[in-house]
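Below: the structure, in structure tokens.
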Amino acid sequence: MLPVASDGELIQRTAGGDRSAFEDLYRRYARSVFGLALRRLGDRGRAEDAVQETFASIWRSAASYRPERGAGAPWLYAVARNAIVDRARTRTDTPADVPDEPSPDVGPAERAELSWVSWRVHRALEELPEREREVIALAYWSGLSQSEVAEFLGIPLGTVKTRTRTALQRLAELLGDEIE
Amino acid sequence: MTRFDDIVDTDGLDPAEELRLRKVHDLLLEAGPPPELPPALREPPSPHPAQVIPFPKLPPRRFGSVAVVAAAAVLAAFAAGYFLGHSKKTTFTAERVVVLHRPNAAGSALATLRIAKADAVGNWPMQLVVRGLPQQRARTAFYELWLTHGGRPVEPCGTFRVHGNDTTVSFTVPYEFHRGDGWVVTSQPSGDTTPGAVVLTT
């Protein structure tokens, strides 16, 4: 089995014009970028455009990545964030009156932190085997109980619990410093 | 909300490991579900860089007498627009000037869109000089400049209101211009953020 290339290696190969490396990066990160864009822009069409722009930007600027300055994921996150911010700035809503009450929304710092966490978690989910990702998705975001998940997948309840625990352990390894 | 104790069998886990899994659990709840990719994003995009459209881009015209009339109208609009665009004493250094005229060459309103050199990160300064558009009565109504692709407004460039006969406004946009792109000015009723009626077009 071939060793899996790191994000940084793929970025460096992309800088050299390697299209397959670029496509691997896309498959790894498209959903994370789309999730980030959707969260920030709140509009699927604009989020799609932001994904396209992010990867066009990755292709153009991959040569600016310096592996000695850090891993590939933060660099990719920065490129995506810039493309999404640029896209957000193009929105030209009619100026609204400033509300008297403080906004209940989270501030820029908290939003950035949430975005980074989502980015890491969604990226880590991409690394799970399909059957574990499926169990996690059903357990966390479908509203089904573990018994219902077992019934839905046609597997024993014990298997669901085992897969859930294994998936969380794998995610713990992948998320590393986020849970320290 | 999904509870950790409901979905994870903690038998045999040491406390440190259980704490790690609880943190992952919290992160999953915080992150929310990853979105499904829409069909348009299922395959990687072409990495080839976009090409900049040649300037000036004018819409295709039909042949025959319609072409003669239209060409004359466009030429007149371009000449007037060129004069309009270059008669202002300004420090704005345009690399391209695009003329916008009334759709179907109807009416006398016109505009010049002057585009300066993009900065290092791809921001294009633009200056729009508009002549002859009626002042909108509603205080919350405005005009809007859009980048078009295939004739369809796709990206907003900026909003403005007019005063007097000539109005000059400046925008900066980060878009790359692709083959087939153009510009339109639309009239935007109060509160409407979708493209309104086209009042000027390239």
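Identifiers in this document derive from the order of the structure tokens: chains are assigned A, B, ..., residues are numbered from 1 separately in each chain, and ligands are numbered from 1 in order of occurrence.
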Within 8 Å of chain A, which residues of chain B are there when counting only C-alpha atoms? Please give them as a PyMOL selection string. chain B and resi 2+6-9+20-21+23-25+27-38+40-41+44-45+47-49+140+155-159+173-174+191+193
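Atom pair CA of Met1 in chain B / CA of Leu19 in chain B: separated by 18.8 Å.
Atom pair CA of Pro67 in chain A / CA of Gly8 in chain A has a distance of 6.4 Å (rounded to one decimal).
Note that CA of Arg40 in chain A and CA of Trp75 in chain A are 18.4 Å apart.
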